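Engineer: I'm passing along coords25.pdb; it holds PDB, C-alpha atoms.
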ATOM      1  CA  MET A 300       3.085  36.135  19.201
ATOM      2  CA  SER A 301       5.262  34.563  16.518
ATOM      3  CA  LYS A 302       4.227  34.970  12.919
ATOM      4  CA  LEU A 303       2.232  32.332  11.111
ATOM      5  CA  HIS A 304       4.480  30.398   8.720
ATOM      6  CA  VAL A 305       3.104  28.884   5.510
ATOM      7  CA  ALA A 306       4.846  26.492   3.121
ATOM      8  CA  TYR A 307       3.967  27.222  -0.483
ATOM      9  CA  ASP A 308       5.391  27.325  -3.972
ATOM     10  CA  ASP A 309       3.596  27.330  -7.306
ATOM     11  CA  ILE A 310       5.221  23.956  -7.973
ATOM     12  CA  TYR A 311       2.329  22.633  -5.880
ATOM     13  CA  LEU A 312       0.082  23.502  -8.834
ATOM     14  CA  ASP A 313       1.842  20.791 -10.863
ATOM     15  CA  TRP A 314       0.196  18.138  -8.666
ATOM     16  CA  GLN A 315      -2.226  17.217 -11.433
ATOM     17  CA  LEU A 316      -3.541  13.679 -11.065
ATOM     18  CA  GLY A 317      -6.004  11.947 -13.381
ATOM     19  CA  ASN A 318      -5.824  13.272 -16.917
ATOM     20  CA  GLY A 319      -3.896  16.326 -15.785
ATOM     21  CA  ASP A 320      -6.418  19.010 -16.730
ATOM     22  CA  GLY A 321      -7.463  20.026 -13.229
ATOM     23  CA  SER A 322     -10.618  17.934 -13.193
ATOM     24  CA  HIS A 323      -9.264  15.470 -10.613
ATOM     25  CA  PRO A 324     -10.814  16.172  -7.178
ATOM     26  CA  THR A 325      -7.381  16.855  -5.688
ATOM     27  CA  ASN A 326      -6.973  19.898  -7.970
ATOM     28  CA  PRO A 327      -4.096  21.752  -6.270
ATOM     29  CA  ILE A 328      -5.657  25.151  -6.881
ATOM     30  CA  ARG A 329      -7.202  24.524  -3.459
ATOM     31  CA  ALA A 330      -3.774  25.075  -1.898
ATOM     32  CA  LYS A 331      -3.199  28.378  -3.659
ATOM     33  CA  LEU A 332      -6.670  29.645  -2.762
ATOM     34  CA  ALA A 333      -6.272  28.674   0.899
ATOM     35  CA  VAL A 334      -2.994  30.598   1.092
ATOM     36  CA  GLU A 335      -4.597  33.632  -0.522
ATOM     37  CA  LEU A 336      -7.364  33.551   2.085
ATOM     38  CA  LEU A 337      -4.711  33.815   4.802
ATOM     39  CA  GLU A 338      -2.995  36.890   3.347
ATOM     40  CA  ASN A 339      -4.654  39.196   5.887
ATOM     41  CA  LEU A 340      -2.674  37.410   8.607
ATOM     42  CA  GLU A 341       0.561  38.418   6.833
ATOM     43  CA  PRO A 342       2.143  34.967   7.090
ATOM     44  CA  VAL A 343       5.819  34.304   6.560
ATOM     45  CA  MET A 344       5.937  32.428   3.254
ATOM     46  CA  VAL A 345       8.466  29.598   3.017
ATOM     47  CA  LYS A 346       9.383  27.714  -0.163
ATOM     48  CA  PRO A 347       9.655  23.929   0.239
ATOM     49  CA  SER A 348      12.913  23.809  -1.771
ATOM     50  CA  ALA A 349      13.247  20.023  -1.654
ATOM     51  CA  SER A 350      16.793  18.692  -1.405
ATOM     52  CA  GLU A 351      18.647  15.398  -1.303
ATOM     53  CA  SER A 352      18.612  15.605   2.489
ATOM     54  CA  ASP A 353      14.802  15.769   2.403
ATOM     55  CA  ARG A 354      14.803  12.665   0.231
ATOM     56  CA  ASP A 355      17.069  10.935   2.743
ATOM     57  CA  LEU A 356      14.674  11.796   5.574
ATOM     58  CA  LEU A 357      11.919   9.859   3.825
ATOM     59  CA  ASN A 358      13.755   6.678   4.826
ATOM     60  CA  HIS A 359      12.389   7.219   8.348
ATOM     61  CA  VAL A 360       8.897   6.356   7.113
ATOM     62  CA  HIS A 361       9.243   4.611   3.724
ATOM     63  CA  SER A 362      11.239   1.769   2.249
ATOM     64  CA  GLY A 363      14.205   2.691   0.074
ATOM     65  CA  GLU A 364      12.772   0.651  -2.787
ATOM     66  CA  TYR A 365       9.509   2.579  -2.717
ATOM     67  CA  ILE A 366      11.263   5.959  -2.549
ATOM     68  CA  SER A 367      13.415   5.038  -5.530
ATOM     69  CA  LYS A 368      10.451   3.855  -7.586
ATOM     70  CA  VAL A 369       8.631   7.141  -7.053
ATOM     71  CA  LEU A 370      11.538   9.557  -7.399
ATOM     72  CA  ASP A 371      13.844   7.768  -9.859
ATOM     73  CA  GLN A 372      11.305   6.000 -12.051
ATOM     74  CA  GLY A 373       8.213   8.130 -11.524
ATOM     75  CA  HIS A 374       6.333   4.923 -10.777
ATOM     76  CA  CYS A 375       3.414   5.213  -8.357
ATOM     77  CA  GLY A 376      -0.053   3.761  -7.915
ATOM     78  CA  GLU A 377      -1.582   7.237  -7.922
ATOM     79  CA  TRP A 378      -0.856   7.809 -11.619
ATOM     80  CA  HIS A 379      -0.227   5.947 -14.844
ATOM     81  CA  PRO A 380       1.985   5.858 -16.887
ATOM     82  CA  ASP A 381       5.209   6.620 -15.021
ATOM     83  CA  GLN A 382       5.617  10.365 -14.442
ATOM     84  CA  PRO A 383       8.854  11.423 -12.734
ATOM     85  CA  HIS A 384       7.716  15.052 -12.521
ATOM     86  CA  LEU A 385       4.844  14.014 -10.242
ATOM     87  CA  GLY A 386       7.301  12.174  -8.021
ATOM     88  CA  ALA A 387       9.302  15.386  -7.764
ATOM     89  CA  VAL A 388       6.184  17.341  -6.795
ATOM     90  CA  ALA A 389       5.351  14.732  -4.144
ATOM     91  CA  LEU A 390       8.798  15.321  -2.637
ATOM     92  CA  GLU A 391       8.246  19.104  -2.693
ATOM     93  CA  MET A 392       4.971  18.676  -0.790
ATOM     94  CA  ALA A 393       6.704  16.566   1.864
ATOM     95  CA  ALA A 394       9.529  19.107   2.002
ATOM     96  CA  GLY A 395       6.985  21.819   2.754
ATOM     97  CA  THR A 396       6.046  20.009   5.943
ATOM     98  CA  ILE A 397       9.707  19.454   6.784
ATOM     99  CA  ARG A 398      10.304  23.207   6.454
ATOM    100  CA  MET A 399       7.402  23.865   8.822
ATOM    101  CA  TYR A 400       8.840  21.361  11.308
ATOM    102  CA  GLU A 401      12.149  23.229  11.152
ATOM    103  CA  LYS A 402      10.471  26.593  11.791
ATOM    104  CA  ILE A 403       8.626  25.254  14.836
ATOM    105  CA  LEU A 404      11.670  23.460  16.218
ATOM    106  CA  SER A 405      13.807  26.593  15.883
ATOM    107  CA  GLY A 406      11.185  28.672  17.680
ATOM    108  CA  GLU A 407      10.596  30.926  14.670
ATOM    109  CA  ALA A 408       6.995  29.723  14.401
ATOM    110  CA  GLN A 409       4.332  28.497  16.745
ATOM    111  CA  VAL A 410       1.670  27.818  14.107
ATOM    112  CA  ALA A 411       2.781  26.532  10.699
ATOM    113  CA  PHE A 412       0.698  25.368   7.731
ATOM    114  CA  ASN A 413       1.387  23.326   4.625
ATOM    115  CA  PRO A 414      -1.787  23.210   2.481
ATOM    116  CA  GLN A 415      -0.400  20.276   0.502
ATOM    117  CA  GLY A 416       0.621  18.426   3.634
ATOM    118  CA  ALA A 417      -0.959  15.665   5.712
ATOM    119  CA  LYS A 418      -0.804  12.904   3.099
ATOM    120  CA  HIS A 419      -2.187  10.596   5.710
ATOM    121  CA  HIS A 420      -2.933   7.453   3.689
ATOM    122  CA  ALA A 421       0.635   6.863   2.429
ATOM    123  CA  GLN A 422       2.013   3.573   3.737
ATOM    124  CA  TYR A 423       5.547   2.375   4.404
ATOM    125  CA  ASP A 424       5.978   0.749   1.001
ATOM    126  CA  ARG A 425       3.145   2.058  -1.148
ATOM    127  CA  SER A 426       0.971   5.018  -1.929
ATOM    128  CA  SER A 427      -2.730   5.113  -1.148
ATOM    129  CA  GLY A 428      -5.687   7.460  -1.469
ATOM    130  CA  PHE A 429      -3.880  10.175  -3.488
ATOM    131  CA  CYS A 430      -1.102  10.209  -0.852
ATOM    132  CA  VAL A 431       2.506   9.384  -1.783
ATOM    133  CA  PHE A 432       4.875  10.428   1.033
ATOM    134  CA  ASN A 433       3.671  10.440   4.631
ATOM    135  CA  ASP A 434       4.896  13.842   5.742
ATOM    136  CA  MET A 435       3.067  13.907   9.083
ATOM    137  CA  ALA A 436       4.441  10.544  10.212
ATOM    138  CA  LEU A 437       7.878  11.785   9.195
ATOM    139  CA  VAL A 438       7.818  15.009  11.192
ATOM    140  CA  ALA A 439       6.309  13.163  14.150
ATOM    141  CA  LYS A 440       9.438  11.013  14.174
ATOM    142  CA  LEU A 441      11.655  14.055  13.725
ATOM    143  CA  PHE A 442      10.031  15.827  16.653
ATOM    144  CA  MET A 443      10.529  12.717  18.783
ATOM    145  CA  ALA A 444      14.192  12.559  17.769
ATOM    146  CA  ALA A 445      14.483  16.176  18.914
ATOM    147  CA  GLY A 446      13.139  15.225  22.348
ATOM    148  CA  LEU A 447       9.543  16.444  21.919
ATOM    149  CA  LYS A 448       6.330  14.472  22.357
ATOM    150  CA  PRO A 449       3.962  15.025  19.409
ATOM    151  CA  MET A 450       0.229  14.343  19.398
ATOM    152  CA  TYR A 451      -1.335  13.720  16.004
ATOM    153  CA  ILE A 452      -4.967  14.793  15.489
ATOM    154  CA  ASP A 453      -6.706  13.967  12.222
ATOM    155  CA  TRP A 454     -10.182  15.019  11.164
ATOM    156  CA  ASP A 455     -11.152  13.957   7.681
ATOM    157  CA  VAL A 456     -13.966  11.934   6.198
ATOM    158  CA  HIS A 457     -11.383   9.139   5.783
ATOM    159  CA  HIS A 458      -9.390   7.401   8.498
ATOM    160  CA  GLY A 459      -5.755   8.504   8.809
ATOM    161  CA  ASP A 460      -4.576   4.927   8.387
ATOM    162  CA  GLY A 461      -1.074   5.542   7.035
ATOM    163  CA  VAL A 462      -0.011   7.750   9.929
ATOM    164  CA  GLU A 463      -1.530   5.333  12.401
ATOM    165  CA  ASN A 464       0.215   2.311  10.844
ATOM    166  CA  ILE A 465       3.641   3.936  10.642
ATOM    167  CA  LEU A 466       3.526   5.351  14.173
ATOM    168  CA  ARG A 467       1.794   2.554  16.055
ATOM    169  CA  ALA A 468       5.188   1.171  17.076
ATOM    170  CA  TYR A 469       5.615   4.244  19.272
ATOM    171  CA  PRO A 470       2.960   3.929  22.010
ATOM    172  CA  ASN A 471       4.058   7.178  23.676
ATOM    173  CA  LEU A 472       2.987   8.990  20.515
ATOM    174  CA  VAL A 473      -0.804   9.254  20.282
ATOM    175  CA  THR A 474      -2.665   9.290  16.969
ATOM    176  CA  ALA A 475      -6.294  10.425  17.175
ATOM    177  CA  SER A 476      -8.468  10.173  14.070
ATOM    178  CA  ILE A 477     -12.051  11.406  13.595
ATOM    179  CA  HIS A 478     -13.603  10.025  10.410
ATOM    180  CA  GLN A 479     -16.616   8.310   8.874
ATOM    181  CA  GLY A 480     -16.652   4.602   9.607
ATOM    182  CA  GLY A 481     -17.318   2.028   6.926
ATOM    183  CA  ILE A 482     -15.839   3.874   3.932
ATOM    184  CA  PHE A 483     -12.323   3.966   2.442
ATOM    185  CA  PRO A 484      -9.929   2.744   3.744
ATOM    186  CA  GLY A 485     -12.232   0.612   5.903
ATOM    187  CA  THR A 486     -10.091   0.864   9.017
ATOM    188  CA  GLY A 487     -10.097   2.970  12.165
ATOM    189  CA  LEU A 488     -12.951   1.171  13.878
ATOM    190  CA  LYS A 489     -11.279   0.495  17.217
ATOM    191  CA  ASN A 490      -8.920   1.910  19.789
ATOM    192  CA  GLU A 491      -5.562   0.408  20.721
ATOM    193  CA  PRO A 492      -4.441   2.380  23.778
ATOM    194  CA  GLU A 493      -1.433   0.106  24.200
ATOM    195  CA  ASN A 494      -0.234   1.321  20.775
ATOM    196  CA  GLY A 495      -1.255   4.953  21.218
ATOM    197  CA  VAL A 496      -4.083   4.524  18.685
ATOM    198  CA  TYR A 497      -7.438   6.262  19.194
ATOM    199  CA  ASN A 498     -10.276   6.430  16.692
ATOM    200  CA  TRP A 499     -13.692   8.043  16.467
ATOM    201  CA  ALA A 500     -15.540   6.295  13.627
ATOM    202  CA  LEU A 501     -18.596   8.491  13.121
ATOM    203  CA  SER A 502     -21.815   7.351  11.490
ATOM    204  CA  SER A 503     -23.151   8.550   8.158
ATOM    205  CA  GLY A 504     -24.964  11.827   8.692
ATOM    206  CA  ASP A 505     -23.100  12.837  11.851
ATOM    207  CA  GLY A 506     -22.294  16.537  12.076
ATOM    208  CA  ASP A 507     -20.825  19.205  14.310
ATOM    209  CA  VAL A 508     -22.300  17.818  17.547
ATOM    210  CA  GLU A 509     -20.592  14.453  17.116
ATOM    211  CA  PHE A 510     -17.434  16.136  15.798
ATOM    212  CA  LEU A 511     -17.099  18.325  18.866
ATOM    213  CA  ASP A 512     -17.979  15.487  21.239
ATOM    214  CA  ALA A 513     -14.980  13.638  19.815
ATOM    215  CA  MET A 514     -12.796  16.722  20.085
ATOM    216  CA  GLN A 515     -13.685  17.145  23.743
ATOM    217  CA  GLU A 516     -12.578  13.577  24.358
ATOM    218  CA  ILE A 517      -9.343  14.304  22.504
ATOM    219  CA  GLU A 518      -8.829  17.335  24.725
ATOM    220  CA  LEU A 519      -9.137  15.103  27.800
ATOM    221  CA  LEU A 520      -6.707  12.656  26.216
ATOM    222  CA  ALA A 521      -4.245  15.514  25.671
ATOM    223  CA  ASP A 522      -4.532  16.390  29.360
ATOM    224  CA  GLU A 523      -3.380  12.863  30.138
ATOM    225  CA  ILE A 524      -0.440  12.669  27.753
ATOM    226  CA  GLN A 525       0.615  16.355  27.824
ATOM    227  CA  PRO A 526       2.088  16.657  24.308
ATOM    228  CA  ASP A 527       4.856  19.106  23.417
ATOM    229  CA  VAL A 528       3.621  19.809  19.870
ATOM    230  CA  ILE A 529       0.369  19.191  18.001
ATOM    231  CA  LEU A 530       0.230  17.838  14.459
ATOM    232  CA  LEU A 531      -3.143  18.475  12.822
ATOM    233  CA  ALA A 532      -4.543  17.040   9.591
ATOM    234  CA  THR A 533      -7.481  19.323   8.824
ATOM    235  CA  GLY A 534      -9.345  17.455   6.131
ATOM    236  CA  ALA A 535     -12.224  19.405   4.606
ATOM    237  CA  ASP A 536     -14.003  16.428   3.039
ATOM    238  CA  ALA A 537     -16.249  15.918   6.064
ATOM    239  CA  HIS A 538     -17.967  19.178   5.078
ATOM    240  CA  HIS A 539     -21.658  18.557   4.482
ATOM    241  CA  SER A 540     -21.445  19.289   0.747
ATOM    242  CA  ASP A 541     -18.285  17.335  -0.096
ATOM    243  CA  PRO A 542     -18.932  14.569  -2.645
ATOM    244  CA  LEU A 543     -16.687  11.850  -1.178
ATOM    245  CA  GLY A 544     -18.447  11.073   2.108
ATOM    246  CA  ASN A 545     -21.555  11.639   4.166
ATOM    247  CA  LEU A 546     -20.526  13.557   7.255
ATOM    248  CA  LYS A 547     -22.197  16.904   7.877
ATOM    249  CA  PHE A 548     -19.550  19.121   9.429
ATOM    250  CA  ASP A 549     -19.981  22.871   8.932
ATOM    251  CA  TYR A 550     -17.883  25.982   9.481
ATOM    252  CA  PRO A 551     -18.921  26.562  13.108
ATOM    253  CA  GLY A 552     -17.837  23.020  13.934
ATOM    254  CA  TYR A 553     -14.488  23.365  12.202
ATOM    255  CA  ARG A 554     -13.775  26.646  13.976
ATOM    256  CA  ALA A 555     -14.799  25.261  17.371
ATOM    257  CA  ALA A 556     -12.616  22.191  16.830
ATOM    258  CA  ALA A 557      -9.720  24.427  15.779
ATOM    259  CA  LYS A 558     -10.133  26.443  18.968
ATOM    260  CA  ILE A 559      -9.862  23.236  20.988
ATOM    261  CA  VAL A 560      -6.616  22.434  19.154
ATOM    262  CA  GLY A 561      -5.321  25.900  19.996
ATOM    263  CA  ASP A 562      -6.370  25.474  23.627
ATOM    264  CA  ILE A 563      -4.537  22.134  23.822
ATOM    265  CA  ALA A 564      -1.442  23.722  22.293
ATOM    266  CA  ASN A 565      -1.533  26.634  24.712
ATOM    267  CA  LYS A 566      -2.005  24.405  27.734
ATOM    268  CA  HIS A 567       0.610  21.783  26.940
ATOM    269  CA  ALA A 568       2.684  22.587  23.848
ATOM    270  CA  LYS A 569       3.751  26.244  24.120
ATOM    271  CA  GLY A 570       1.318  27.024  21.312
ATOM    272  CA  ARG A 571       3.100  24.783  18.785
ATOM    273  CA  VAL A 572       0.831  23.441  16.033
ATOM    274  CA  LEU A 573       1.834  22.111  12.606
ATOM    275  CA  ILE A 574      -1.154  21.874  10.238
ATOM    276  CA  GLY A 575      -1.562  20.004   6.950
ATOM    277  CA  GLY A 576      -4.463  20.254   4.549
ATOM    278  CA  ALA A 577      -5.306  16.536   4.071
ATOM    279  CA  GLY A 578      -8.500  15.792   2.090
ATOM    280  CA  GLY A 579     -11.087  18.056   0.561
ATOM    281  CA  TYR A 580     -12.664  17.763  -2.862
ATOM    282  CA  GLN A 581     -14.322  21.094  -3.488
ATOM    283  CA  PRO A 582     -11.124  22.826  -4.589
ATOM    284  CA  LEU A 583     -12.659  26.131  -5.661
ATOM    285  CA  THR A 584     -14.988  26.648  -2.723
ATOM    286  CA  HIS A 585     -15.320  24.894   0.620
ATOM    287  CA  THR A 586     -11.965  23.105   0.789
ATOM    288  CA  PRO A 587      -9.741  26.220   0.829
ATOM    289  CA  GLN A 588     -12.273  27.999   3.035
ATOM    290  CA  VAL A 589     -12.237  25.229   5.640
ATOM    291  CA  TRP A 590      -8.450  25.048   5.624
ATOM    292  CA  ALA A 591      -8.055  28.811   5.959
ATOM    293  CA  GLN A 592     -10.645  29.156   8.703
ATOM    294  CA  VAL A 593      -9.073  26.348  10.733
ATOM    295  CA  VAL A 594      -5.581  27.807  10.398
ATOM    296  CA  ALA A 595      -6.800  31.306  11.266
ATOM    297  CA  GLN A 596      -8.702  30.032  14.320
ATOM    298  CA  VAL A 597      -5.760  28.014  15.636
ATOM    299  CA  TYR A 598      -3.454  30.987  15.083
ATOM    300  CA  SER A 599      -5.857  33.379  16.785
ATOM    301  CA  THR A 600      -6.333  31.055  19.755
ATOM    302  CA  VAL A 601      -2.611  30.564  20.218
ATOM    303  CA  GLY A 602      -1.989  34.292  19.844
ATOM    304  CA  SER A 603      -4.652  35.298  22.311
ATOM    305  CA  ALA A 604      -3.230  33.172  25.118
ATOM    306  CA  VAL A 605      -2.137  35.136  28.154
ATOM    307  CA  THR A 606       1.425  34.328  29.153
ATOM    308  CA  VAL A 607       2.946  35.053  32.528
TER     309      VAL A 607
END
What does this structure look like when you write it as structure tokens?
Structural biologist:
Amino acid sequence: MSKLHVAYDDIYLDWQLGNGDGSHPTNPIRAKLAVELLENLEPVMVKPSASESDRDLLNHVHSGEYISKVLDQGHCGEWHPDQPHLGAVALEMAAGTIRMYEKILSGEAQVAFNPQGAKHHAQYDRSSGFCVFNDMALVAKLFMAAGLKPMYIDWDVHHGDGVENILRAYPNLVTASIHQGGIFPGTGLKNEPENGVYNWALSSGDGDVEFLDAMQEIELLADEIQPDVILLATGADAHHSDPLGNLKFDYPGYRAAAKIVGDIANKHAKGRVLIGGAGGYQPLTHTPQVWAQVVAQVYSTVGSAVTV
């Protein structure tokens, strides 16, 4: 079993939105705490170490004008006034996912995790929903360029609209999003099989039963498409106590869903899973716990597979 790889650097803690005092619901302490909860698995820690080549890769999923505004001017809809240092942190977070892609592609890792990854609302030419650079759409394209077929799975109280929009031009690449219908961003209410788009818009109050029903359908979908690598956005904001939505997922549901992801990876993708944190707005409690438990369950499931 290959070691778990985790992208992390304390520069992630500089991702302070709002008034910058840690009160914003995206408080990045959640990333640090999630990593600490995984220490018993003895992960290989990898610094994002963003470079000019990482910036260049962003052109696969964002317009040059938008990239320049964020990185050169510090201008972005997620903060005001302009703050170039936040643009630099956004690039570091995307670079963390790029590093995890590299570790999986090289065969050094099967399961890789970036707690500040899966910025799934970021669009081609704008930010959205606290997301600036769409790291998951980017590595999906990179995996395809390397000859692999990714499958993107997203569970979060909010629809993974940015990933879906950027990747819908590639019908052989499936995006599957489980989310609460009728709330931000107001999309994800239908399927478009011809574009590789699948959505499960759950109703307010739905919990683990509905979550796992959707995951079982995703497992059947994976059997049809037979992906070579799984990309997972493991949002924690569908947890029953999260303040931003009204889904009622709980730890048993998250772990069971994570096991299904591991099973899919073992069956079709040689155990390869790249995981990003996505949403979650209880940064001191449930968010890092959900992230860590999902990562640990996927890693355990992949590691327990019998190979012949």
Engineer: The PyMOL selection byres ((chain A and resi 408) around 7) on the file shown: which residues, as a list in words?
Structural biologist: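 Applied to this file, the PyMOL selection byres ((chain A and resi 408) around 7) returns Ser301, Lys302, Leu303, His304, Lys402, Ile403, Gly406, Glu407, Gln409, Val410 and Ala411 of chain A.
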Engineer: Out of A:Tyr400, A:Trp378, A:Tyr469, A:Phe548, which residue has the shortest atom-to-atom distance to A:Cys430 when counting only C-alpha atoms?
Structural biologist: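 Among the listed residues, A:Trp378 lies closest to A:Cys430.
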Engineer: Go through A:Glu509, A:Met392, A:Ser350, A:Val601 one by one, measure the shortest atom-to-atom distance of each to A:Leu312 using all atoms listed in the file, and give the residue with the smallest value.
Structural biologist: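 Closest to A:Leu312, using all atoms listed in the file: A:Met392.
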Engineer: Take the PyMOL selection byres ((chain A and resi 441) around 12), apply it to the structure above, and return the hits as a ChimeraX atom specification.
Structural biologist: /A:353,356-360,396-401,403-404,434-440,442-449,466,528
Engineer: Rank A:Cys375, A:Val388, A:Ala393, A:Ile465 by their smallest atom-to-atom distance to A:Trp314, using all atoms listed in the file, and report the top residue only.
Structural biologist: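 So, comparing all the options, the nearest one is A:Val388.
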Engineer: Do you have the atom CA of A:Tyr497-atom CA of A:Thr474 distance handy?
Structural biologist: 6.1 Å
Engineer: For A:Ser426, which residue out of A:Glu377, A:Asp507, A:Asp320, A:Asp536 is the nearest one, using all atoms listed in the file?
Structural biologist: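 Of A:Glu377, A:Asp507, A:Asp320, A:Asp536, the one nearest A:Ser426 is A:Glu377, counting all atoms listed in the file.
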Engineer: Rounded to one decimal, what separation in Å do you get between atom CA of A:Ala557 and atom CA of A:Leu390?
Structural biologist: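 A separation of 27.7 Å between them.
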Engineer: Extract, using all atoms listed in the file, all DNA, RNA and protein residues at most 8 Å from A:Tyr423, discarding same-chain residues fewer than 2 positions from it, and format them as a list in words.
Structural biologist: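 These residues fall inside the cut-off: Val360, His361, Ser362, Ala421, Arg425, Gly461 and Ile465 of chain A.
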Engineer: Using all atoms listed in the file, determine which residues lie at most 12 Å from stretch 334-341 of chain A, disregarding the query and same-chain residues fewer than 4 positions distant; provide the list as a ChimeraX atom specification.
Structural biologist: /A:301-309,311,327-330,345,410-415,576,583-596,598-599,602
Engineer: Apply the PyMOL selection byres ((chain A and resi 453) around 6) to the displayed file and report the matching residues as a short mmCIF file (atom, residue, chain, number, x, y, z; two decimals) with C-alpha atoms, in the frame of the given file.
Structural biologist:
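Contents of part.cif, as written:
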data_model
loop_
_atom_site.label_atom_id
_atom_site.label_comp_id
_atom_site.auth_asym_id
_atom_site.auth_seq_id
_atom_site.Cartn_x
_atom_site.Cartn_y
_atom_site.Cartn_z
CA ILE A 452 -4.97 14.79 15.49
CA TRP A 454 -10.18 15.02 11.16
CA SER A 476 -8.47 10.17 14.07
CA LEU A 531 -3.14 18.48 12.82
CA ALA A 532 -4.54 17.04 9.59
#
Engineer: To one decimal place in Å, what is the distance between atom CA of A:Asp381 and atom CA of A:His420?
Structural biologist: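 These atoms are spaced 20.4 Å apart.
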Engineer: Please identify all polymer residues within 8 Å of A:His457, counting all atoms listed in the file, omitting same-chain residues fewer than 3 positions from it, and present them as a PyMOL selection string.
Structural biologist: chain A and resi 478-480+482-484
Engineer: Which residues are near A:Tyr580? Cut-off 8 Å, all atoms listed in the file, ignore same chain within fewer than 3 positions. Put them as a VMD selection string.
Structural biologist: chain A and resid 324 to 326 535 to 536 541 to 543 586
Engineer: Using all atoms listed in the file for the distances, tell me which of A:Gly570, A:Gly504, A:Gly317, A:Pro492 is nearest to A:Pro526.
Structural biologist: A:Gly570
Engineer: Tell me which protein, DNA and RNA residues are within 12 Å of A:Phe510, counting only C-alpha atoms, leaving out same-chain ones fewer than 5 positions away, and put them as a VMD selection string.
Structural biologist: chain A and resid 453 to 456 476 to 479 499 to 502 504 to 505 515 to 517 537 to 538 546 to 557 559
Engineer: May I ask which of the residues A:Ser603, A:Asn545, A:Gln422, A:Asn494 is the closest one to A:Asp460, counting only C-alpha atoms?
Structural biologist: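 Counting only C-alpha atoms, the residue closest to A:Asp460 is A:Gln422.
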Engineer: Could you give me the centre and size, in Å to one decimal, of an axis-aligned box around all listed atoms of stretch 555-561 of chain A with 8 Å added on every side, as JSON?
Structural biologist:
{"center_x": -10.1, "center_y": 24.3, "center_z": 18.4, "size_x": 25.5, "size_y": 20.3, "size_z": 21.2}
